[in-house]
Amino acid sequence: MATAAQPHDATSAPPHERAQRSDARRNHGRVIRAARACMAREGLDAQMEDIARRAGVGVGTVYRHFRNKDELVEALAQDRFERLEEAAREALRTADPWDSFESFMRAAARIQSDDRALSEVLTSRPETMGRAAEKVGILDLVGQILGRAQAAGVVREDAHPRDVPMLMCALAGTFRNPTSDPERYIGIVLDGLRAPGAKQAKLPPVS
């Protein structure tokens with residue numbers, strides 16, 4: 001009598017196979033980090049050879065993970081939204097509704113600021129950004145953060161989850177100015193989203 005196939009257990013793989021998988025994961029991470037840096041500097045003109053050199057791997061390794069540059073850009077967008085997802089889930093673990101909302105907004109602004117040039121690359125691919133955002137459900141997460149703050153009466157009732165990515169894109173313009181302080185402008189945005197009558201925060205001085 002035939003027996004049912006047992007589910008595959010990755011831990012039961014031979015040691016050399018597990019080592020290969022571990023190496024592949026490390027190389028994947030190196031390529032993503034290198035591509036982020038190269039494309040932040042050179043945009044979509046960044047060459048796969050340069051990315052491989054920065055990652056410390058052969059160009060063949062890059063192509064084993066990503067068949068072409070379009071796949072790599074998709075992966076960069078996914079990486080960006082996974083970081084936003086992590087920030088959103090961390091915010092949802094914060095008990096105070098306003099602190100939760102503010103911490104996510106500031107974290108999202110920092111991600112935008114840290115990868116300011118890469119942000120411009122990804123913004124030129126709205127369909128890529130849309131797929132990555134949908135995959136992690138970022139709009140639903142933002143809706144939970146925002147809805148909780150609105151229910152507590154600390155964020156204006158007419159704010160919508162879709163306002164958040166639009167505001168982040170608008171803030172990107174301030175990041176391109178080397179004399180501007182992003183913390184000042186995210187503070188202005190946050191005060192604009194506060195419920196009427198809520199206490200405003202003190203803004204950093206103009207530099």
# chains A, B, ... in the order shown; residues from 1 in each chain; ligands from 1
$ residues_around --residues "A:Asp140" --least-positions-apart "2" --cutoff "12 Å" --atoms "only C-alpha atoms" --output "JSON list (two decimals) with N, CA, C and O atoms, in the first residue's frame"
[["chain", "number", "residue", "atom", "x", "y", "z"],
["A", 85, "GLU", "N", 6.12, 48.16, 6.25],
["A", 85, "GLU", "CA", 5.23, 47.23, 6.96],
["A", 85, "GLU", "C", 5.73, 46.98, 8.38],
["A", 85, "GLU", "O", 4.95, 46.99, 9.35],
["A", 88, "ALA", "N", 4.95, 49.94, 10.46],
["A", 88, "ALA", "CA", 3.52, 50.01, 10.76],
["A", 88, "ALA", "C", 3.15, 49.02, 11.85],
["A", 88, "ALA", "O", 2.38, 49.36, 12.77],
["A", 89, "ARG", "N", 3.66, 47.81, 11.78],
["A", 89, "ARG", "CA", 3.32, 46.81, 12.80],
["A", 89, "ARG", "C", 3.91, 47.20, 14.15],
["A", 89, "ARG", "O", 3.30, 46.95, 15.21],
["A", 92, "LEU", "N", 1.58, 49.76, 15.58],
["A", 92, "LEU", "CA", 0.35, 49.17, 16.10],
["A", 92, "LEU", "C", 0.55, 48.51, 17.46],
["A", 92, "LEU", "O", -0.42, 48.29, 18.20],
["A", 133, "ALA", "N", 3.23, 47.70, -2.56],
["A", 133, "ALA", "CA", 2.37, 48.19, -1.47],
["A", 133, "ALA", "C", 1.22, 47.22, -1.22],
["A", 133, "ALA", "O", 0.88, 46.92, -0.06],
["A", 134, "GLU", "N", 0.64, 46.72, -2.30],
["A", 134, "GLU", "CA", -0.49, 45.81, -2.16],
["A", 134, "GLU", "C", -0.05, 44.48, -1.55],
["A", 134, "GLU", "O", -0.79, 43.88, -0.75],
["A", 135, "LYS", "N", 1.13, 44.04, -1.89],
["A", 135, "LYS", "CA", 1.61, 42.74, -1.41],
["A", 135, "LYS", "C", 1.73, 42.71, 0.11],
["A", 135, "LYS", "O", 1.44, 41.68, 0.74],
["A", 136, "VAL", "N", 2.16, 43.82, 0.72],
["A", 136, "VAL", "CA", 2.30, 43.84, 2.17],
["A", 136, "VAL", "C", 1.06, 44.43, 2.85],
["A", 136, "VAL", "O", 0.99, 44.48, 4.09],
["A", 137, "GLY", "N", 0.09, 44.88, 2.06],
["A", 137, "GLY", "CA", -1.13, 45.43, 2.63],
["A", 137, "GLY", "C", -0.90, 46.72, 3.40],
["A", 137, "GLY", "O", -1.53, 46.95, 4.44],
["A", 138, "ILE", "N", 0.00, 47.57, 2.90],
["A", 138, "ILE", "CA", 0.38, 48.74, 3.66],
["A", 138, "ILE", "C", -0.78, 49.70, 3.88],
["A", 138, "ILE", "O", -0.90, 50.31, 4.95],
["A", 142, "VAL", "N", -1.94, 51.20, 7.44],
["A", 142, "VAL", "CA", -2.05, 52.63, 7.69],
["A", 142, "VAL", "C", -3.47, 52.97, 8.15],
["A", 142, "VAL", "O", -3.67, 53.79, 9.05],
["A", 143, "GLY", "N", -4.47, 52.32, 7.52],
["A", 143, "GLY", "CA", -5.85, 52.55, 7.91],
["A", 143, "GLY", "C", -6.10, 52.18, 9.37],
["A", 143, "GLY", "O", -6.86, 52.87, 10.07],
["A", 144, "GLN", "N", -5.48, 51.10, 9.84],
["A", 144, "GLN", "CA", -5.64, 50.70, 11.24],
["A", 144, "GLN", "C", -5.03, 51.73, 12.18],
["A", 144, "GLN", "O", -5.62, 52.12, 13.20],
["A", 145, "ILE", "N", -3.82, 52.19, 11.82],
["A", 145, "ILE", "CA", -3.13, 53.18, 12.66],
["A", 145, "ILE", "C", -3.93, 54.48, 12.70],
["A", 145, "ILE", "O", -4.17, 55.06, 13.76],
["A", 146, "LEU", "N", -4.35, 54.93, 11.52],
["A", 146, "LEU", "CA", -5.10, 56.18, 11.41],
["A", 146, "LEU", "C", -6.46, 56.06, 12.08],
["A", 146, "LEU", "O", -6.89, 56.95, 12.83],
["A", 147, "GLY", "N", -7.16, 54.95, 11.84],
["A", 147, "GLY", "CA", -8.49, 54.76, 12.40],
["A", 147, "GLY", "C", -8.48, 54.75, 13.91],
["A", 147, "GLY", "O", -9.38, 55.32, 14.56],
["A", 160, "HIS", "N", -7.64, 60.53, 5.44],
["A", 160, "HIS", "CA", -7.85, 59.24, 4.78],
["A", 160, "HIS", "C", -6.51, 58.52, 4.68],
["A", 160, "HIS", "O", -5.46, 59.17, 4.52],
["A", 161, "PRO", "N", -6.49, 57.18, 4.76],
["A", 161, "PRO", "CA", -5.23, 56.45, 4.64],
["A", 161, "PRO", "C", -4.43, 56.81, 3.39],
["A", 161, "PRO", "O", -3.19, 56.84, 3.42],
["A", 162, "ARG", "N", -5.12, 57.12, 2.28],
["A", 162, "ARG", "CA", -4.40, 57.45, 1.06],
["A", 162, "ARG", "C", -3.70, 58.81, 1.16],
["A", 162, "ARG", "O", -2.82, 59.11, 0.34],
["A", 164, "VAL", "N", -1.66, 59.57, 3.45],
["A", 164, "VAL", "CA", -0.33, 59.34, 4.01],
["A", 164, "VAL", "C", 0.74, 59.17, 2.93],
["A", 164, "VAL", "O", 1.76, 59.88, 2.94]]
$ closest_residue --among "A:Met166, A:Cys38, A:Ile111, A:Ala91" --to "A:Ala149" --atoms "only C-alpha atoms"
A:Ala91
$ closest_residue --among "A:Ala75, A:Ile32, A:Leu190, A:Val57" --to "A:Phe104" --atoms "only C-alpha atoms"
A:Leu190
$ closest_residue --among "A:Leu76, A:Leu139, A:Val31, A:Ala195" --to "A:Val121" --atoms "only C-alpha atoms"
A:Leu76
$ residues_around --residues "A:Gln112" --least-positions-apart "6" --cutoff "10 Å" --atoms "only C-alpha atoms" --output "PyMOL selection string"
chain A and resi 80+84+106+118-120+168-169+171-172+175
$ select_by_dssp --residues "chain A" --states "alpha helix (DSSP H)" --output "JSON, numbers by chain"
{"A": [15, 16, 17, 18, 19, 20, 21, 22, 23, 24, 25, 26, 27, 28, 29, 30, 31, 32, 33, 34, 35, 36, 37, 38, 39, 40, 41, 42, 48, 49, 50, 51, 52, 53, 54, 55, 59, 60, 61, 62, 63, 64, 65, 69, 70, 71, 72, 73, 74, 75, 76, 77, 78, 79, 80, 81, 82, 83, 84, 85, 86, 87, 88, 89, 90, 91, 92, 97, 98, 99, 100, 101, 102, 103, 104, 105, 106, 107, 108, 109, 110, 111, 112, 113, 114, 116, 117, 118, 119, 120, 121, 122, 123, 126, 127, 128, 129, 130, 131, 132, 133, 134, 135, 136, 138, 139, 140, 141, 142, 143, 144, 145, 146, 147, 148, 149, 150, 151, 163, 164, 165, 166, 167, 168, 169, 170, 171, 172, 173, 174, 175, 182, 183, 184, 185, 186, 187, 188, 189, 190, 191, 192, 193]}
$ closest_residue --among "A:Leu193, A:Ala170, A:Ala35, A:Ile188" --to "A:Val155" --atoms "only C-alpha atoms"
A:Leu193
$ closest_residue --among "A:Arg184, A:Arg93, A:Arg83, A:Arg64" --to "A:Arg148" --atoms "only C-alpha atoms"
A:Arg93
$ closest_residue --among "A:Ala95, A:Met39, A:Ala77, A:Met105" --to "A:Gly187" --atoms "only C-alpha atoms"
A:Met105
$ residues_around --residues "A:Gly43" --least-positions-apart "6" --cutoff "12 Å" --atoms "only C-alpha atoms" --output "number ranges by chain"
A: 35-37, 51, 69, 73, 115-125
$ write_last_selection --atoms "N, CA, C and O atoms" --output "CSV table (one decimal), in the first residue's frame"
chain,number,residue,atom,x,y,z
A,35,ALA,N,22.4,47.1,-4.6
A,35,ALA,CA,21.5,47.7,-5.6
A,35,ALA,C,20.9,49.0,-5.1
A,35,ALA,O,20.8,50.0,-5.8
A,36,ARG,N,20.5,49.0,-3.8
A,36,ARG,CA,19.9,50.1,-3.2
A,36,ARG,C,20.9,51.3,-3.2
A,36,ARG,O,20.5,52.4,-3.6
A,37,ALA,N,22.1,51.0,-2.9
A,37,ALA,CA,23.2,52.1,-2.8
A,37,ALA,C,23.5,52.5,-4.3
A,37,ALA,O,23.6,53.7,-4.5
A,51,ILE,N,26.8,46.7,-9.4
A,51,ILE,CA,26.0,46.1,-8.3
A,51,ILE,C,26.7,44.9,-7.7
A,51,ILE,O,26.9,44.7,-6.5
A,69,LYS,N,17.3,43.8,-14.7
A,69,LYS,CA,17.2,44.9,-13.9
A,69,LYS,C,15.8,45.2,-13.4
A,69,LYS,O,15.6,45.7,-12.3
A,73,VAL,N,14.6,46.0,-9.6
A,73,VAL,CA,13.8,47.1,-9.2
A,73,VAL,C,12.6,46.7,-8.4
A,73,VAL,O,12.2,47.3,-7.4
A,115,ASP,N,16.7,57.0,1.8
A,115,ASP,CA,16.8,56.5,0.4
A,115,ASP,C,16.3,57.6,-0.5
A,115,ASP,O,15.5,57.3,-1.5
A,116,ARG,N,16.6,58.8,-0.3
A,116,ARG,CA,16.0,59.9,-1.1
A,116,ARG,C,16.1,59.7,-2.6
A,116,ARG,O,15.2,59.9,-3.3
A,117,ALA,N,17.3,59.4,-3.1
A,117,ALA,CA,17.5,59.2,-4.5
A,117,ALA,C,16.8,58.0,-5.0
A,117,ALA,O,16.2,58.0,-6.1
A,118,LEU,N,16.9,56.9,-4.2
A,118,LEU,CA,16.2,55.7,-4.6
A,118,LEU,C,14.7,55.9,-4.7
A,118,LEU,O,14.0,55.4,-5.5
A,119,SER,N,14.2,56.8,-3.8
A,119,SER,CA,12.8,57.1,-3.8
A,119,SER,C,12.3,57.7,-5.1
A,119,SER,O,11.3,57.4,-5.7
A,120,GLU,N,13.2,58.5,-5.7
A,120,GLU,CA,12.9,59.1,-7.0
A,120,GLU,C,12.9,58.0,-8.1
A,120,GLU,O,12.0,58.0,-9.0
A,121,VAL,N,13.8,57.0,-8.0
A,121,VAL,CA,13.8,55.9,-8.9
A,121,VAL,C,12.5,55.2,-8.9
A,121,VAL,O,11.8,54.9,-9.9
A,122,LEU,N,12.1,54.8,-7.7
A,122,LEU,CA,10.9,54.0,-7.5
A,122,LEU,C,9.6,54.8,-7.8
A,122,LEU,O,8.7,54.2,-8.3
A,123,THR,N,9.6,56.1,-7.5
A,123,THR,CA,8.5,56.9,-7.9
A,123,THR,C,8.2,56.9,-9.4
A,123,THR,O,7.1,57.1,-9.8
A,124,SER,N,9.3,56.7,-10.2
A,124,SER,CA,9.1,56.7,-11.6
A,124,SER,C,8.5,55.4,-12.1
A,124,SER,O,8.2,55.3,-13.3
A,125,ARG,N,8.3,54.5,-11.2
A,125,ARG,CA,7.7,53.2,-11.5
A,125,ARG,C,6.4,53.0,-10.6
A,125,ARG,O,6.4,52.1,-9.8
$ atom_distance --atom1 "atom CA of A:Gly58" --atom2 "atom CA of A:Asn27"
10.1 Å
$ residues_around --residues "A:His28" --least-positions-apart "3" --cutoff "10 Å" --atoms "only C-alpha atoms" --output "mmCIF file with C-alpha atoms, in the first residue's frame"
data_model
loop_
_atom_site.group_PDB
_atom_site.id
_atom_site.type_symbol
_atom_site.label_atom_id
_atom_site.label_comp_id
_atom_site.auth_asym_id
_atom_site.auth_seq_id
_atom_site.Cartn_x
_atom_site.Cartn_y
_atom_site.Cartn_z
ATOM 1 C CA SER A 22 22.092 30.012 3.807
ATOM 2 C CA ASP A 23 24.697 31.316 1.346
ATOM 3 C CA ALA A 24 21.954 32.093 -1.164
ATOM 4 C CA ARG A 25 19.999 34.110 1.425
ATOM 5 C CA VAL A 31 22.704 42.216 -3.755
ATOM 6 C CA ILE A 32 19.632 44.093 -2.486
ATOM 7 C CA ARG A 33 21.756 46.367 -0.270
ATOM 8 C CA ALA A 34 24.254 46.991 -3.062
ATOM 9 C CA ALA A 55 27.938 43.326 -3.192
ATOM 10 C CA THR A 61 25.308 35.443 -8.759
ATOM 11 C CA VAL A 62 23.311 38.640 -9.330
ATOM 12 C CA ARG A 64 20.868 33.920 -10.558
ATOM 13 C CA HIS A 65 18.786 35.949 -8.117
ATOM 14 C CA PHE A 66 17.426 38.504 -10.602
#
